[in-house]
Every structure is written in C-alpha cells, then in structure tokens.
Amino acid sequence: MKALLLRDLKLALRAGGGFGLGLAFFLIVTVLVPFSVGPQSELLARIAPGVLWLGALLACLLSLDRLLALDWEDGTLDLMATSPLPLEAVVTIKALAHWITTSLPLVLAAPVLGILLNLPTAGFQWLVVSLLLGTPALSVIGTFGAALTVGLKRGGLLLSLLVLPLYVPTLIFGAEAARRGADGMSVETPLLMLAGISAATLALLPFASAAVLRVNLR
Amino acid sequence: MKIAGLSIARGGAPVLEGVSFELTPGRALILRGPNGCGKTTLLRTIAGLQPPLAGTITGAEEDIAYAAHSDGIKLTLTVGENLTFWAEIFAAGSIEPALDAFDLRGLLDRPAGALSAGQKRRLGLARLLVTGRRYWILDEPTVSLDRASVHQFAGVVERHLADGGAALIATHIDLGLEGETLDVSQFKAKLPDLEEFDEAFL
C-alpha cells in the first residue's frame, strides 16, 4: 500500500502528472472574484469564506477525471485487481494520494488567497480548519465518482454531474463553518457536521467504489 | 487448477460454454482459436476479473499472475521504478532475476516512455517474475516482440514450468514450448433460439 501511495505521489510530481492544476484554478478564481464583484471591501469580506470554499471544491472537481482513468487506460487497474491488494485498499490509497497532491495544497493556499478577498482576521483559522476537515470527503466522494465513470471516454461531464450533488452537504457545512468563524460566532455545530460527513464517507465509500470498479472492469 | 463446465459471456452475449480443462504444475497449455472467439474473455474470467455465467474455477485462488494486452507501465517512471513497484505490491522481493531474464539491465534508468514497443512488452513480461505466483495467465504475450525476444520469453516460461509453475497462454505463434494445445472454438456457445423473439415483433 505504501508502494502505491509513493508511486502515485511520484507520478503526480513528474512531467504531465497534473500536479498544480487545481491549485492554479483556485488561484485564478479567487484572483478574479474581486475584479468581477468590484472594489467593495466590505462585500468581499462577507462573501470570502463562501468563495474560497467554492473555489477549492471546483478545483478539486477539476482533477477527478484523471484519478482512475489513467490507470484504467494503461491496464494497471486490471493488474491491480489481480494483485494481493484488495480494491478497497487501492481506492482508499488513490483517494489519499489525490488528497495529498490536490486538496492539501488548496488548504495551504487558502489563507494566502483569503488576504486577496479581505477575509476577516478571525476567519483564517477556521477557514483552514474547515477545509482540513472537509477536503478528505471531497477526495473520497470524487474517487467514487471516478470509479463509476472509469470505463467511459470523456466521462468528465458525467463525473461532474454525478459528484456535484454529493458535494453539496460538504460545501454547505464547510462554508458555514468558515463564515461563522469569520463573523466571530460559534463554529462547533457545522464543524461537527463536516467531520461527520468526512468520517462517514471515509468509512463507507471505499466499499462502494471498489464494488463499482469491479463491475466496470468486467 | 481445475476448470469445470465454464460458461462465459462478453457484453451480455454468451461466447463460450462447457469449457473444462486442467492446468497442472509443470505444464503449459496453449489456447488457440480465431479472433473474437473468446480467448481473452476466458483468460479474464480465469484471472478473476469477471464472473463466469456457470461453472467453477478451483485450486488457484490468489496464485494467479495475469498479463494482458496492455502492460500497466507508467511512462514517466523508469524501468526500475516500474518493476520495483510491482515487486512491492506482490511483496516478492528482488527485481534482479527479472532484469536478467529479460535483458533489461541496460535500460534500468530509462523512463518507460522512451522504450520501444518490444522493450515495453519485455518490461511487462518481466513483471510476471516479480509476482512470485505459480499460475501465469498470458494473453498474446509475444505481440511486438522480435524473434530473439520470443525465444528468450519461451526460455523464461520453460524455467518457470521447471520450477513447478504452470502457464495458460493464448497465442497465434509457435513458441516451441512443450505442452498441450486447446482449441477454444470447439466450446463456442450456441446462439439462443431467436424464433420466439420474432413473434413478439411481427
């Protein structure tokens, strides 16, 4: 399992691995928002948590269609399915590698981009905490979507349509936690809900992903 | 490994039925048959990638190494990294014997993307040696190999058989291996009777 994780990280960092794609998209969205909204720092401060969460979510979505498709195209998934590694472990490791290469850079970049959106000082801490708690769910749900569409050519559109509704609860509670944090209110309830979503998806979805992958490999 | 009364389908339509044979350690079995008769589907079923319609496969659980048309090679990793990855997945130890057997030592640090088709194939076949598994299920293993490499590959299979392994190989060329040949087309599934279907539409 460690070998698979290391290989995925290595592949992401090598040429053509797509590392930084999500990060660049996140940067573009958040830099352009102040231009489109206009120079009203108060309004920007109010929408900053929501915009940052939405940007992170869409950046995450952007990188999903390569998650399993590359391994499917070159036959690695077939060979992996006949290897001693259970497919449940394979999809979990894939989700973990996606989180490290795509979501973690977004979490780290978010406070820097928060400055551009005039995020209130109290909000930085809770923005990072809510992203840290919520992005694992995004990666795991995304892996499930990727497993569902793995055999399809140009499955990216279908993947987005399937995954977006599943992302909504995470977005609601994540953005709510960040907003409450920025307004100086109690963040306990949305953070608990967010952690609950992440824990539940992490516990249940790998089994669903492995099951649909088995069907798709037939 | 024993295959009994196996029926398999591709895309919902049955292609082979009643396939029965036995694969004993030390022996190779060559599958023959025209294109599209179900060799690949049969091998995928035996490798456990798809469930059979009927019949049983016994005696080889978790002891099968499968090699398909695509080799599962990552083009941006080097030859050594590719092989080491599979060796770690199968927890089978050193990649040295595999490098020697397929003459890959000189290519060790070359990215797999810079290899020729035949060299990639050799890398894909070298993976079999690092799996440490007994039953080799091979689908057209000699595609894009030159004559010397085919000979080399046949030698590797022979050594594997001598070590108590077994191989099930679908191929169109003569590998010069000792072993039985099984013509798959004799198991061709009969098409279901369609006359009754017509009535509903007419």
# chains A, B, ... in the order shown; residues from 1 in each chain; ligands from 1
$ residues_around --residues "Ala154 in chain B" --least-positions-apart "5" --cutoff "8 Å" --atoms "only C-alpha atoms" --output "ChimeraX atom specification"
/B:175-177
$ write_last_selection --atoms "N, CA and C atoms" --output "compact mmCIF listing (two decimals), in the first residue's frame"
# COMPACT_ATOMS: atom_id res chain seq x y z
N LEU B 175 5.49 -21.10 -29.97
CA LEU B 175 6.51 -20.69 -29.02
C LEU B 175 7.60 -21.74 -28.87
N GLY B 176 7.37 -22.94 -29.41
CA GLY B 176 8.33 -24.02 -29.22
C GLY B 176 8.28 -24.59 -27.82
N LEU B 177 7.15 -24.41 -27.15
CA LEU B 177 7.02 -24.94 -25.79
C LEU B 177 6.41 -26.32 -25.84
$ residues_around --residues "Ile173 in chain B" --least-positions-apart "2" --cutoff "10 Å" --atoms "only C-alpha atoms" --output "mmCIF file with N, CA and C atoms, in the first residue's frame"
data_model
loop_
_atom_site.group_PDB
_atom_site.id
_atom_site.type_symbol
_atom_site.label_atom_id
_atom_site.label_comp_id
_atom_site.auth_asym_id
_atom_site.auth_seq_id
_atom_site.Cartn_x
_atom_site.Cartn_y
_atom_site.Cartn_z
ATOM 1 N N ARG B 32 -5.771 -21.791 -28.486
ATOM 2 C CA ARG B 32 -5.817 -21.315 -29.862
ATOM 3 C C ARG B 32 -7.258 -21.060 -30.260
ATOM 4 N N GLU B 140 -1.713 -13.250 -25.412
ATOM 5 C CA GLU B 140 -0.865 -12.807 -26.528
ATOM 6 C C GLU B 140 0.443 -12.182 -26.027
ATOM 7 N N THR B 142 3.454 -12.437 -26.895
ATOM 8 C CA THR B 142 4.579 -12.165 -27.809
ATOM 9 C C THR B 142 4.317 -11.028 -28.779
ATOM 10 N N VAL B 143 3.198 -10.305 -28.605
ATOM 11 C CA VAL B 143 2.916 -9.194 -29.507
ATOM 12 C C VAL B 143 4.061 -8.180 -29.452
ATOM 13 N N VAL B 150 11.246 -13.465 -28.421
ATOM 14 C CA VAL B 150 10.272 -14.548 -28.295
ATOM 15 C C VAL B 150 10.958 -15.788 -27.751
ATOM 16 N N ALA B 170 -2.580 -17.718 -24.420
ATOM 17 C CA ALA B 170 -3.315 -17.551 -25.672
ATOM 18 C C ALA B 170 -2.361 -16.934 -26.674
ATOM 19 N N THR B 171 -2.116 -17.629 -27.777
ATOM 20 C CA THR B 171 -1.156 -17.092 -28.742
ATOM 21 C C THR B 171 -1.440 -17.658 -30.125
ATOM 22 N N LEU B 175 5.485 -21.100 -29.972
ATOM 23 C CA LEU B 175 6.511 -20.691 -29.018
ATOM 24 C C LEU B 175 7.600 -21.739 -28.866
ATOM 25 N N GLY B 176 7.369 -22.940 -29.411
ATOM 26 C CA GLY B 176 8.331 -24.018 -29.218
ATOM 27 C C GLY B 176 8.282 -24.593 -27.824
#
$ residues_around --residues "Pro206 in chain A" --least-positions-apart "6" --cutoff "7 Å" --atoms "only C-alpha atoms" --output "PyMOL selection string"
chain A and resi 88+91-92
$ interface_residues --of "chain B" --to "chain A" --cutoff "7 Å" --atoms "only C-alpha atoms" --output "ChimeraX atom specification"
/B:47,49-50,66,70-73,76,85,88-90
$ closest_residue --among "B:Ala65, B:Met1, B:Ala9, B:Leu115" --to "Leu77 in chain B" --atoms "only C-alpha atoms"
B:Leu115
$ closest_residue --among "A:Gly196, A:Gly18, A:Pro49, A:Gly142" --to "Asn118 in chain A" --atoms "only C-alpha atoms"
A:Pro49
$ select_by_dssp --residues "range 34-167 of chain A" --states "alpha helix (DSSP H)" --output "number ranges by chain"
A: 34-37, 41-62, 69-73, 76-81, 87-98, 104-116, 121-148, 156-167
$ closest_residue --among "B:Ala92, B:Ala54, B:Leu138, B:Ala166" --to "Lys39 in chain B" --atoms "only C-alpha atoms"
B:Leu138
$ decode --residues "range 28-57 of chain B" --atoms "N, CA and C atoms" --output "mmCIF file, in the first residue's frame"
data_model
loop_
_atom_site.group_PDB
_atom_site.id
_atom_site.type_symbol
_atom_site.label_atom_id
_atom_site.label_comp_id
_atom_site.auth_asym_id
_atom_site.auth_seq_id
_atom_site.Cartn_x
_atom_site.Cartn_y
_atom_site.Cartn_z
ATOM 1 N N ALA B 28 2.413 -26.449 -19.628
ATOM 2 C CA ALA B 28 1.862 -25.251 -20.264
ATOM 3 C C ALA B 28 0.667 -25.675 -21.114
ATOM 4 N N LEU B 29 -0.324 -24.802 -21.175
ATOM 5 C CA LEU B 29 -1.477 -25.079 -22.026
ATOM 6 C C LEU B 29 -1.623 -23.894 -22.979
ATOM 7 N N ILE B 30 -1.616 -24.204 -24.275
ATOM 8 C CA ILE B 30 -1.704 -23.141 -25.273
ATOM 9 C C ILE B 30 -3.148 -23.044 -25.763
ATOM 10 N N LEU B 31 -3.718 -21.873 -25.676
ATOM 11 C CA LEU B 31 -5.077 -21.669 -26.191
ATOM 12 C C LEU B 31 -5.001 -21.170 -27.611
ATOM 13 N N ARG B 32 -5.771 -21.791 -28.486
ATOM 14 C CA ARG B 32 -5.817 -21.315 -29.862
ATOM 15 C C ARG B 32 -7.258 -21.060 -30.260
ATOM 16 N N GLY B 33 -7.415 -20.382 -31.367
ATOM 17 C CA GLY B 33 -8.756 -20.087 -31.847
ATOM 18 C C GLY B 33 -8.735 -18.775 -32.607
ATOM 19 N N PRO B 34 -9.681 -18.608 -33.535
ATOM 20 C CA PRO B 34 -9.714 -17.389 -34.351
ATOM 21 C C PRO B 34 -9.997 -16.145 -33.507
ATOM 22 N N ASN B 35 -9.731 -14.971 -34.080
ATOM 23 C CA ASN B 35 -10.020 -13.712 -33.389
ATOM 24 C C ASN B 35 -11.486 -13.657 -32.978
ATOM 25 N N GLY B 36 -11.718 -13.125 -31.786
ATOM 26 C CA GLY B 36 -13.097 -12.896 -31.367
ATOM 27 C C GLY B 36 -13.814 -14.134 -30.880
ATOM 28 N N CYS B 37 -13.103 -15.256 -30.692
ATOM 29 C CA CYS B 37 -13.807 -16.459 -30.279
ATOM 30 C C CYS B 37 -13.901 -16.559 -28.760
ATOM 31 N N GLY B 38 -13.257 -15.645 -28.046
ATOM 32 C CA GLY B 38 -13.453 -15.620 -26.601
ATOM 33 C C GLY B 38 -12.237 -15.992 -25.773
ATOM 34 N N LYS B 39 -11.044 -15.972 -26.399
ATOM 35 C CA LYS B 39 -9.843 -16.336 -25.639
ATOM 36 C C LYS B 39 -9.578 -15.338 -24.517
ATOM 37 N N THR B 40 -9.602 -14.039 -24.871
ATOM 38 C CA THR B 40 -9.323 -13.021 -23.860
ATOM 39 C C THR B 40 -10.356 -13.056 -22.748
ATOM 40 N N THR B 41 -11.640 -13.216 -23.126
ATOM 41 C CA THR B 41 -12.693 -13.267 -22.122
ATOM 42 C C THR B 41 -12.498 -14.452 -21.196
ATOM 43 N N LEU B 42 -12.091 -15.587 -21.781
ATOM 44 C CA LEU B 42 -11.836 -16.781 -20.962
ATOM 45 C C LEU B 42 -10.705 -16.513 -19.967
ATOM 46 N N LEU B 43 -9.622 -15.877 -20.461
ATOM 47 C CA LEU B 43 -8.485 -15.620 -19.582
ATOM 48 C C LEU B 43 -8.857 -14.628 -18.485
ATOM 49 N N ARG B 44 -9.636 -13.598 -18.851
ATOM 50 C CA ARG B 44 -10.053 -12.612 -17.837
ATOM 51 C C ARG B 44 -10.923 -13.269 -16.780
ATOM 52 N N THR B 45 -11.769 -14.209 -17.208
ATOM 53 C CA THR B 45 -12.631 -14.901 -16.249
ATOM 54 C C THR B 45 -11.790 -15.741 -15.294
ATOM 55 N N ILE B 46 -10.813 -16.456 -15.864
ATOM 56 C CA ILE B 46 -9.970 -17.297 -15.016
ATOM 57 C C ILE B 46 -9.141 -16.439 -14.064
ATOM 58 N N ALA B 47 -8.717 -15.265 -14.547
ATOM 59 C CA ALA B 47 -7.936 -14.371 -13.684
ATOM 60 C C ALA B 47 -8.802 -13.720 -12.609
ATOM 61 N N GLY B 48 -10.117 -13.893 -12.707
ATOM 62 C CA GLY B 48 -10.998 -13.359 -11.664
ATOM 63 C C GLY B 48 -11.488 -11.954 -11.925
ATOM 64 N N LEU B 49 -11.289 -11.445 -13.142
ATOM 65 C CA LEU B 49 -11.727 -10.082 -13.428
ATOM 66 C C LEU B 49 -13.209 -10.009 -13.758
ATOM 67 N N GLN B 50 -13.790 -11.118 -14.172
ATOM 68 C CA GLN B 50 -15.233 -11.128 -14.384
ATOM 69 C C GLN B 50 -15.792 -12.480 -13.971
ATOM 70 N N PRO B 51 -17.031 -12.481 -13.472
ATOM 71 C CA PRO B 51 -17.600 -13.743 -13.007
ATOM 72 C C PRO B 51 -18.090 -14.588 -14.175
ATOM 73 N N PRO B 52 -17.958 -15.920 -14.081
ATOM 74 C CA PRO B 52 -18.482 -16.782 -15.139
ATOM 75 C C PRO B 52 -20.007 -16.887 -15.054
ATOM 76 N N LEU B 53 -20.649 -17.221 -16.177
ATOM 77 C CA LEU B 53 -22.097 -17.454 -16.154
ATOM 78 C C LEU B 53 -22.404 -18.728 -15.382
ATOM 79 N N ALA B 54 -21.552 -19.725 -15.603
ATOM 80 C CA ALA B 54 -21.731 -21.007 -14.915
ATOM 81 C C ALA B 54 -20.372 -21.679 -14.827
ATOM 82 N N GLY B 55 -20.278 -22.713 -14.003
ATOM 83 C CA GLY B 55 -19.026 -23.446 -13.917
ATOM 84 C C GLY B 55 -18.143 -22.966 -12.782
ATOM 85 N N THR B 56 -17.062 -23.689 -12.562
ATOM 86 C CA THR B 56 -16.199 -23.370 -11.428
ATOM 87 C C THR B 56 -14.733 -23.335 -11.835
ATOM 88 N N ILE B 57 -13.990 -22.509 -11.114
ATOM 89 C CA ILE B 57 -12.536 -22.458 -11.260
ATOM 90 C C ILE B 57 -11.990 -22.737 -9.866
#
